$ cat work_37.csv   # CSV, C-alpha atoms and all ligand atoms
chain,number,residue,atom,x,y,z
A,269,MET,CA,41.4,-25.4,-28.5
A,270,THR,CA,37.7,-24.7,-29.2
A,271,ILE,CA,36.7,-26.3,-25.8
A,272,PHE,CA,39.6,-24.5,-24.0
A,273,ARG,CA,38.4,-21.1,-25.5
A,274,ARG,CA,34.7,-21.8,-24.7
A,275,ASP,CA,35.0,-23.2,-21.2
A,276,GLY,CA,38.3,-21.7,-20.0
A,277,TYR,CA,39.7,-25.1,-19.1
A,278,LEU,CA,40.4,-28.5,-20.7
A,279,ALA,CA,41.4,-31.9,-19.2
A,280,LEU,CA,44.0,-33.9,-21.1
A,281,ARG,CA,43.9,-37.4,-19.8
A,282,GLY,CA,47.2,-39.4,-19.9
A,283,ALA,CA,49.0,-36.5,-21.5
A,284,LEU,CA,52.2,-36.9,-19.6
A,285,ASP,CA,54.7,-39.8,-19.5
A,286,ILE,CA,54.3,-41.4,-16.1
A,287,ASP,CA,58.1,-41.8,-15.6
A,288,TRP,CA,58.4,-38.0,-16.1
A,289,VAL,CA,55.6,-37.5,-13.5
A,290,ARG,CA,57.4,-39.8,-11.1
A,291,SER,CA,60.6,-37.8,-11.6
A,292,LEU,CA,58.7,-34.6,-11.0
A,293,LYS,CA,57.2,-36.0,-7.8
A,294,GLN,CA,60.7,-36.9,-6.5
A,295,VAL,CA,61.8,-33.3,-7.1
A,296,VAL,CA,58.7,-32.1,-5.3
A,297,ARG,CA,59.5,-34.3,-2.3
A,298,ASP,CA,62.9,-32.7,-2.2
A,299,VAL,CA,61.3,-29.2,-2.4
A,300,CYS,CA,59.0,-30.2,0.5
A,301,GLN,CA,61.9,-31.3,2.6
A,302,ALA,CA,63.8,-28.1,1.9
A,303,GLN,CA,60.6,-26.1,2.5
A,304,ARG,CA,61.6,-22.5,3.3
A,305,LEU,CA,59.1,-21.2,5.8
A,306,ASP,CA,59.4,-17.7,4.6
A,307,VAL,CA,57.9,-18.5,1.2
A,308,VAL,CA,55.2,-20.9,2.4
A,309,ARG,CA,51.7,-19.8,3.0
A,310,ALA,CA,49.3,-21.9,5.0
A,311,LEU,CA,45.8,-22.5,3.6
A,312,ALA,CA,43.1,-21.9,6.1
A,313,PRO,CA,41.3,-25.0,7.2
A,314,LEU,CA,37.6,-24.8,6.6
A,315,SER,CA,36.9,-27.3,9.3
A,316,SER,CA,38.0,-27.0,12.9
A,317,GLN,CA,38.4,-30.7,12.9
A,318,ALA,CA,41.2,-30.5,10.4
A,319,SER,CA,44.1,-32.2,12.1
A,320,THR,CA,46.9,-31.2,9.7
A,321,GLN,CA,47.7,-28.1,7.9
A,322,ALA,CA,47.7,-27.5,4.1
A,323,TRP,CA,50.0,-25.0,2.5
A,324,VAL,CA,50.9,-23.4,-0.8
A,325,GLU,CA,54.4,-22.5,-1.9
A,326,CYS,CA,55.0,-20.0,-4.8
A,327,ASP,CA,57.8,-20.1,-7.3
A,328,ALA,CA,60.0,-22.7,-5.7
A,329,SER,CA,61.7,-23.0,-9.1
A,330,ARG,CA,63.4,-19.7,-8.4
A,331,TRP,CA,65.6,-21.4,-5.8
A,332,HIS,CA,65.3,-25.1,-6.8
A,333,ASP,CA,67.2,-25.7,-10.1
A,334,GLU,CA,65.9,-29.2,-10.7
A,335,LEU,CA,62.3,-28.0,-10.4
A,336,HIS,CA,63.1,-25.2,-12.7
A,337,ARG,CA,64.6,-27.6,-15.3
A,338,HIS,CA,61.5,-29.9,-15.1
A,339,LEU,CA,59.0,-27.0,-15.5
A,340,ALA,CA,60.8,-24.6,-17.9
A,341,GLN,CA,62.2,-27.2,-20.3
A,342,GLY,CA,60.0,-30.3,-20.0
A,343,PRO,CA,56.9,-31.6,-21.7
A,344,LEU,CA,54.6,-28.9,-20.2
A,345,CYS,CA,56.0,-26.3,-22.5
A,346,ASP,CA,55.5,-28.6,-25.6
A,347,LEU,CA,52.0,-29.3,-24.5
A,348,ILE,CA,51.1,-25.5,-24.3
A,349,ALA,CA,52.9,-24.9,-27.7
A,350,HIS,CA,50.8,-27.7,-29.2
A,351,LEU,CA,47.5,-26.6,-27.7
A,352,THR,CA,47.9,-22.9,-28.6
A,353,GLY,CA,49.9,-23.1,-31.8
A,354,SER,CA,52.4,-20.7,-30.3
A,355,GLU,CA,56.1,-21.0,-31.0
A,356,ARG,CA,57.0,-18.9,-28.0
A,357,VAL,CA,56.0,-20.4,-24.7
A,358,ARG,CA,57.6,-19.1,-21.5
A,359,HIS,CA,57.5,-20.5,-18.0
A,360,LEU,CA,56.3,-17.7,-15.7
A,361,GLY,CA,56.2,-19.4,-12.3
A,362,GLU,CA,54.2,-21.9,-10.4
A,363,GLN,CA,52.4,-22.8,-7.2
A,364,LEU,CA,52.8,-26.0,-5.2
A,365,PHE,CA,49.8,-27.1,-3.3
A,366,HIS,CA,50.3,-29.6,-0.5
A,367,LYS,CA,47.2,-31.0,1.3
A,368,PRO,CA,48.2,-33.8,3.6
A,369,PRO,CA,45.6,-36.4,4.7
A,370,GLN,CA,42.8,-34.9,6.8
A,371,SER,CA,43.9,-31.3,6.1
A,372,ALA,CA,40.4,-30.2,5.0
A,373,ALA,CA,41.6,-26.9,3.7
A,374,ALA,CA,39.7,-25.9,0.6
A,375,THR,CA,41.3,-23.6,-2.0
A,376,PRO,CA,38.7,-20.8,-2.2
A,377,LEU,CA,37.3,-19.8,-5.6
A,378,HIS,CA,39.6,-17.4,-7.4
A,379,GLN,CA,41.1,-16.4,-10.7
A,380,ASP,CA,44.9,-16.7,-11.1
A,381,MET,CA,45.4,-13.5,-13.0
A,382,PRO,CA,44.6,-11.0,-10.2
A,383,CYS,CA,47.0,-13.1,-7.9
A,384,SER,CA,49.9,-12.3,-10.2
A,385,GLN,CA,51.8,-9.1,-10.7
A,386,SER,CA,51.4,-9.3,-14.5
A,387,ASP,CA,48.5,-8.8,-16.9
A,388,GLY,CA,47.7,-10.2,-20.4
A,389,GLU,CA,45.3,-12.6,-21.9
A,390,SER,CA,47.7,-15.2,-23.3
A,391,VAL,CA,48.5,-17.1,-20.1
A,392,ALA,CA,47.6,-20.7,-19.5
A,393,VAL,CA,48.0,-22.7,-16.3
A,394,VAL,CA,48.9,-26.4,-16.4
A,395,TRP,CA,47.6,-28.0,-13.3
A,396,VAL,CA,49.5,-31.2,-12.6
A,397,PRO,CA,48.3,-33.8,-10.1
A,398,LEU,CA,51.2,-35.8,-8.4
A,399,ASP,CA,48.7,-37.9,-6.5
A,400,ALA,CA,45.3,-39.2,-7.3
A,401,VAL,CA,42.8,-36.3,-7.0
A,402,THR,CA,39.4,-37.8,-6.1
A,403,HIS,CA,36.2,-36.8,-4.4
A,404,ALA,CA,37.8,-37.6,-1.1
A,405,THR,CA,41.1,-35.9,-1.6
A,406,GLY,CA,39.6,-32.7,-3.1
A,407,PRO,CA,38.6,-32.4,-6.8
A,408,MET,CA,39.3,-29.3,-8.8
A,409,LEU,CA,36.2,-27.1,-9.4
A,410,TYR,CA,35.7,-24.9,-12.4
A,411,LEU,CA,33.1,-22.3,-13.4
A,412,PRO,CA,32.9,-22.8,-17.2
A,413,GLY,CA,33.0,-19.6,-19.3
A,414,SER,CA,33.9,-17.4,-16.4
A,415,HIS,CA,37.2,-16.4,-18.0
A,416,ARG,CA,35.2,-14.4,-20.6
A,417,TRP,CA,33.6,-12.2,-18.0
A,418,SER,CA,35.2,-8.7,-17.5
A,419,LYS,CA,35.1,-9.2,-13.7
A,420,ARG,CA,38.2,-9.9,-11.7
A,421,PHE,CA,38.2,-11.9,-8.4
A,422,GLY,CA,41.5,-12.4,-6.6
A,423,PRO,CA,43.1,-12.2,-3.2
A,424,ARG,CA,44.9,-9.0,-4.2
A,425,GLU,CA,41.7,-7.4,-3.1
A,426,GLY,CA,41.6,-9.4,0.2
A,427,ASN,CA,39.8,-12.6,0.7
A,428,ALA,CA,36.8,-11.1,2.5
A,429,LYS,CA,36.3,-8.6,-0.3
A,430,VAL,CA,36.5,-11.3,-3.0
A,431,THR,CA,33.9,-13.3,-1.1
A,432,ALA,CA,31.6,-10.3,-0.9
A,433,ILE,CA,32.0,-9.5,-4.6
A,434,LEU,CA,31.3,-13.2,-5.5
A,435,ASP,CA,28.3,-13.4,-3.3
A,436,ARG,CA,26.8,-10.1,-4.6
A,437,GLN,CA,27.6,-10.3,-8.3
A,438,VAL,CA,27.7,-14.1,-9.0
A,439,GLY,CA,25.7,-15.6,-6.2
A,440,LEU,CA,28.5,-17.9,-5.4
A,441,SER,CA,30.5,-18.3,-2.2
A,442,ALA,CA,34.3,-18.2,-2.5
A,443,ASP,CA,34.4,-21.0,0.0
A,444,VAL,CA,33.9,-23.7,-2.6
A,445,CYS,CA,30.7,-25.7,-2.4
A,446,GLU,CA,31.3,-29.0,-4.1
A,447,ASN,CA,27.6,-29.6,-4.6
A,448,ASP,CA,26.9,-26.3,-6.5
A,449,PRO,CA,25.6,-27.4,-9.9
A,450,ARG,CA,27.3,-24.5,-11.6
A,451,LEU,CA,30.7,-25.8,-10.6
A,452,VAL,CA,32.2,-28.7,-12.6
A,453,ALA,CA,34.2,-31.1,-10.3
A,454,MET,CA,37.2,-32.7,-12.0
A,455,ARG,CA,39.0,-35.7,-10.7
A,456,ALA,CA,42.4,-36.6,-12.1
A,457,LEU,CA,45.2,-39.1,-11.9
A,458,PRO,CA,49.0,-38.7,-12.2
A,459,GLY,CA,49.7,-38.4,-16.0
A,460,ASP,CA,46.5,-36.3,-16.5
A,461,VAL,CA,46.7,-32.5,-16.7
A,462,ILE,CA,44.1,-29.8,-16.7
A,463,VAL,CA,45.0,-26.7,-18.6
A,464,HIS,CA,43.1,-23.5,-17.6
A,465,ASP,CA,43.0,-19.9,-18.7
A,466,TRP,CA,44.3,-17.9,-15.8
A,467,ARG,CA,41.0,-15.8,-15.8
A,468,VAL,CA,38.7,-18.8,-15.2
A,469,LEU,CA,37.1,-19.0,-11.7
A,470,HIS,CA,38.3,-22.2,-9.9
A,471,GLY,CA,39.0,-23.7,-6.5
A,472,SER,CA,39.3,-27.1,-4.9
A,473,GLY,CA,38.0,-29.1,-2.0
A,474,GLY,CA,39.9,-30.0,1.1
A,475,ASN,CA,41.6,-33.4,1.6
A,476,ARG,CA,39.2,-35.5,3.7
A,477,SER,CA,41.1,-38.8,3.1
A,478,ARG,CA,42.5,-40.4,6.2
A,479,SER,CA,45.7,-41.6,4.6
A,480,LEU,CA,46.3,-40.2,1.1
A,481,PRO,CA,48.3,-37.0,0.5
A,482,ARG,CA,47.3,-34.6,-2.3
A,483,ARG,CA,50.2,-32.7,-4.0
A,484,THR,CA,49.5,-30.7,-7.1
A,485,LEU,CA,51.5,-28.2,-9.2
A,486,SER,CA,49.9,-25.3,-10.9
A,487,VAL,CA,52.4,-24.0,-13.6
A,488,ARG,CA,51.9,-20.7,-15.5
A,489,PHE,CA,53.0,-20.2,-19.1
A,490,GLY,CA,52.8,-17.2,-21.3
A,491,TYR,CA,52.2,-18.0,-25.0
B,501,LIG,O1,45.3,-27.9,-6.5
B,501,LIG,C1,44.6,-27.1,-5.9
B,501,LIG,O2,44.1,-27.4,-4.8
B,501,LIG,C2,44.3,-25.7,-6.3
B,501,LIG,C3,44.9,-25.3,-7.6
B,501,LIG,C4,44.7,-23.9,-7.9
B,501,LIG,O3,44.0,-23.2,-7.3
B,501,LIG,C5,45.3,-23.3,-9.1
B,501,LIG,O4,45.8,-24.1,-10.0
B,501,LIG,O5,45.3,-22.1,-9.2

$ encode --input "work_37.csv" --output "structure tokens" --more "lines below"
Ligand SMILES: O=C(O)CCC(=O)C(=O)O
Amino acid sequence: MTIFRRDGYLALRGALDIDWVRSLKQVVRDVCQAQRLDVVRALAPLSSQASTQAWVECDASRWHDELHRHLAQGPLCDLIAHLTGSERVRHLGEQLFHKPPQSAAATPLHQDMPCSQSDGESVAVVWVPLDAVTHATGPMLYLPGSHRWSKRFGPREGNAKVTAILDRQVGLSADVCENDPRLVAMRALPGDVIVHDWRVLHGSGGNRSRSLPRRTLSVRFGY
């Protein structure tokens, strides 16, 4: 908890039972097949050479019961209860990021809090990789300690505005730069999770692999 409070994120390696992760992955395949175009938002490719499109879908657990059961009653709640010491942990929603091979769409730097309709400090996000997340498939990037700033950066203000605020106030580009020494790149395997405070600045690289998909879930919990 000390590291989580200090940095705003914490990697827990091998925290999840691999059979449960496989079962979740099967559910996510089903969600992808049932993909409802009205709720899916495409991520903009950073490179014009990107041959396939990446997308993010919000709160599919509202219409997919099995996904809801996995996220609202499964081991992720226990993990947050254990980490925070809270007896009341509530699933608030989630995002499913799908970056197919060669999709090259980065997730720009942002905080999750301003993307949501709610407020509050006691919200943690469990980021769950369903495929290996490597340098090639697009590592997560975190700016340690940024959850303790009073600043807010989120797409609610419009991406162009967020980019301008970040450039001016923090000297960082919202279009993630994997080589920036201030950002910590995190790779992860299925079974690992990264828990982050929803106010920490983070983003991720695009998937430059020729053959490997990159599917991740980002699940919000109030505690
Ligand atoms: O997995 C990703 O590419 C991005 C995840 C993310 O931005 C989030 O968890 O809020």

$ closest_atom_pairs --input "work_37.csv" --of "chain A" --to "ligand LIG 501 (chain B)" --cutoff "8 Å" --atoms "only C-alpha atoms and all ligand atoms" --output "CSV"
residue,atom,partner,partner_atom,distance
A:Gln363,CA,B:LIG501,O4,7.3
A:Leu364,CA,B:LIG501,O1,7.8
A:Phe365,CA,B:LIG501,O1,5.6
A:His366,CA,B:LIG501,O2,7.9
A:Lys367,CA,B:LIG501,O2,7.7
A:Ala374,CA,B:LIG501,O2,7.1
A:Thr375,CA,B:LIG501,O2,5.5
A:Pro376,CA,B:LIG501,O3,7.7
A:Leu377,CA,B:LIG501,O3,7.7
A:His378,CA,B:LIG501,O3,7.3
A:Gln379,CA,B:LIG501,O5,7.2
A:Asp380,CA,B:LIG501,O5,5.7
A:Val393,CA,B:LIG501,O4,6.8
A:Val394,CA,B:LIG501,O4,7.5
A:Trp395,CA,B:LIG501,O4,5.4
A:Pro397,CA,B:LIG501,O1,7.5
A:Gly406,CA,B:LIG501,O2,7.2
A:Pro407,CA,B:LIG501,O2,7.7
A:Met408,CA,B:LIG501,C1,6.4
A:Trp466,CA,B:LIG501,O5,7.9
A:His470,CA,B:LIG501,O3,6.3
A:Gly471,CA,B:LIG501,O3,5.1
A:Ser472,CA,B:LIG501,O2,4.8
A:Gly473,CA,B:LIG501,O2,6.9
A:Gly474,CA,B:LIG501,O2,7.7
A:Arg483,CA,B:LIG501,O1,7.3
A:Thr484,CA,B:LIG501,O1,5.1
A:Leu485,CA,B:LIG501,O1,6.8
A:Ser486,CA,B:LIG501,O4,4.4
A:Val487,CA,B:LIG501,O4,7.5

$ atom_distance --input "work_37.csv" --atom1 "atom CA of A:Ala453" --atom2 "atom CA of A:Thr402"
9.5 Å

$ closest_residue --input "work_37.csv" --among "A:Leu440, A:Leu360, A:Ala400, A:Met269" --to "A:Asp387" --atoms "all atoms listed in the file"
A:Leu360

$ residues_around --input "work_37.csv" --residues "stretch 333-346 of chain A" --least-positions-apart "2" --cutoff "8 Å" --atoms "only C-alpha atoms" --output "list of chain:residue names"
A:Leu284, A:Leu292, A:Val295, A:Val296, A:Ala328, A:Ser329, A:Arg330, A:Trp331, A:Ile348, A:Ala349, A:His350, A:Val357, A:Arg358, A:His359, A:Val394, A:Val487, A:Phe489

$ closest_residue --input "work_37.csv" --among "A:Pro458, A:Ala372, A:Val391, A:Leu398" --to "A:Val444" --atoms "only C-alpha atoms"
A:Ala372

$ closest_residue --input "work_37.csv" --among "A:Asp465, A:Ser390, A:Ser291, A:Tyr410" --to "A:Pro449" --atoms "only C-alpha atoms"
A:Tyr410

$ closest_residue --input "work_37.csv" --among "A:Ser384, A:Thr431, A:Thr352, A:Thr405" --to "A:Ser371" --atoms "all atoms listed in the file"
A:Thr405

$ residues_around --input "work_37.csv" --residues "A:Leu451" --least-positions-apart "3" --cutoff "9 Å" --atoms "only C-alpha atoms" --output "mmCIF file with C-alpha atoms, keeping the file's coordinate frame"
data_model
loop_
_atom_site.group_PDB
_atom_site.id
_atom_site.type_symbol
_atom_site.label_atom_id
_atom_site.label_comp_id
_atom_site.auth_asym_id
_atom_site.auth_seq_id
_atom_site.Cartn_x
_atom_site.Cartn_y
_atom_site.Cartn_z
ATOM 1 C CA LEU A 409 36.200 -27.100 -9.400
ATOM 2 C CA TYR A 410 35.700 -24.900 -12.400
ATOM 3 C CA LEU A 411 33.100 -22.300 -13.400
ATOM 4 C CA PRO A 412 32.900 -22.800 -17.200
ATOM 5 C CA VAL A 444 33.900 -23.700 -2.600
ATOM 6 C CA CYS A 445 30.700 -25.700 -2.400
ATOM 7 C CA GLU A 446 31.300 -29.000 -4.100
ATOM 8 C CA ASN A 447 27.600 -29.600 -4.600
ATOM 9 C CA ASP A 448 26.900 -26.300 -6.500
ATOM 10 C CA HIS A 470 38.300 -22.200 -9.900
#

$ closest_residue --input "work_37.csv" --among "A:Ile271, A:Met454, A:Leu347, A:Val468" --to "A:Trp417" --atoms "all atoms listed in the file"
A:Val468

$ closest_residue --input "work_37.csv" --among "A:Gln370, A:Gly413, A:Ser441, A:Arg290" --to "A:Gln321" --atoms "all atoms listed in the file"
A:Gln370

$ atom_distance --input "work_37.csv" --atom1 "atom CA of A:Glu325" --atom2 "atom CA of A:His415"
24.3 Å

$ atom_distance --input "work_37.csv" --atom1 "atom CA of A:His403" --atom2 "atom CA of A:Pro481"
13.1 Å
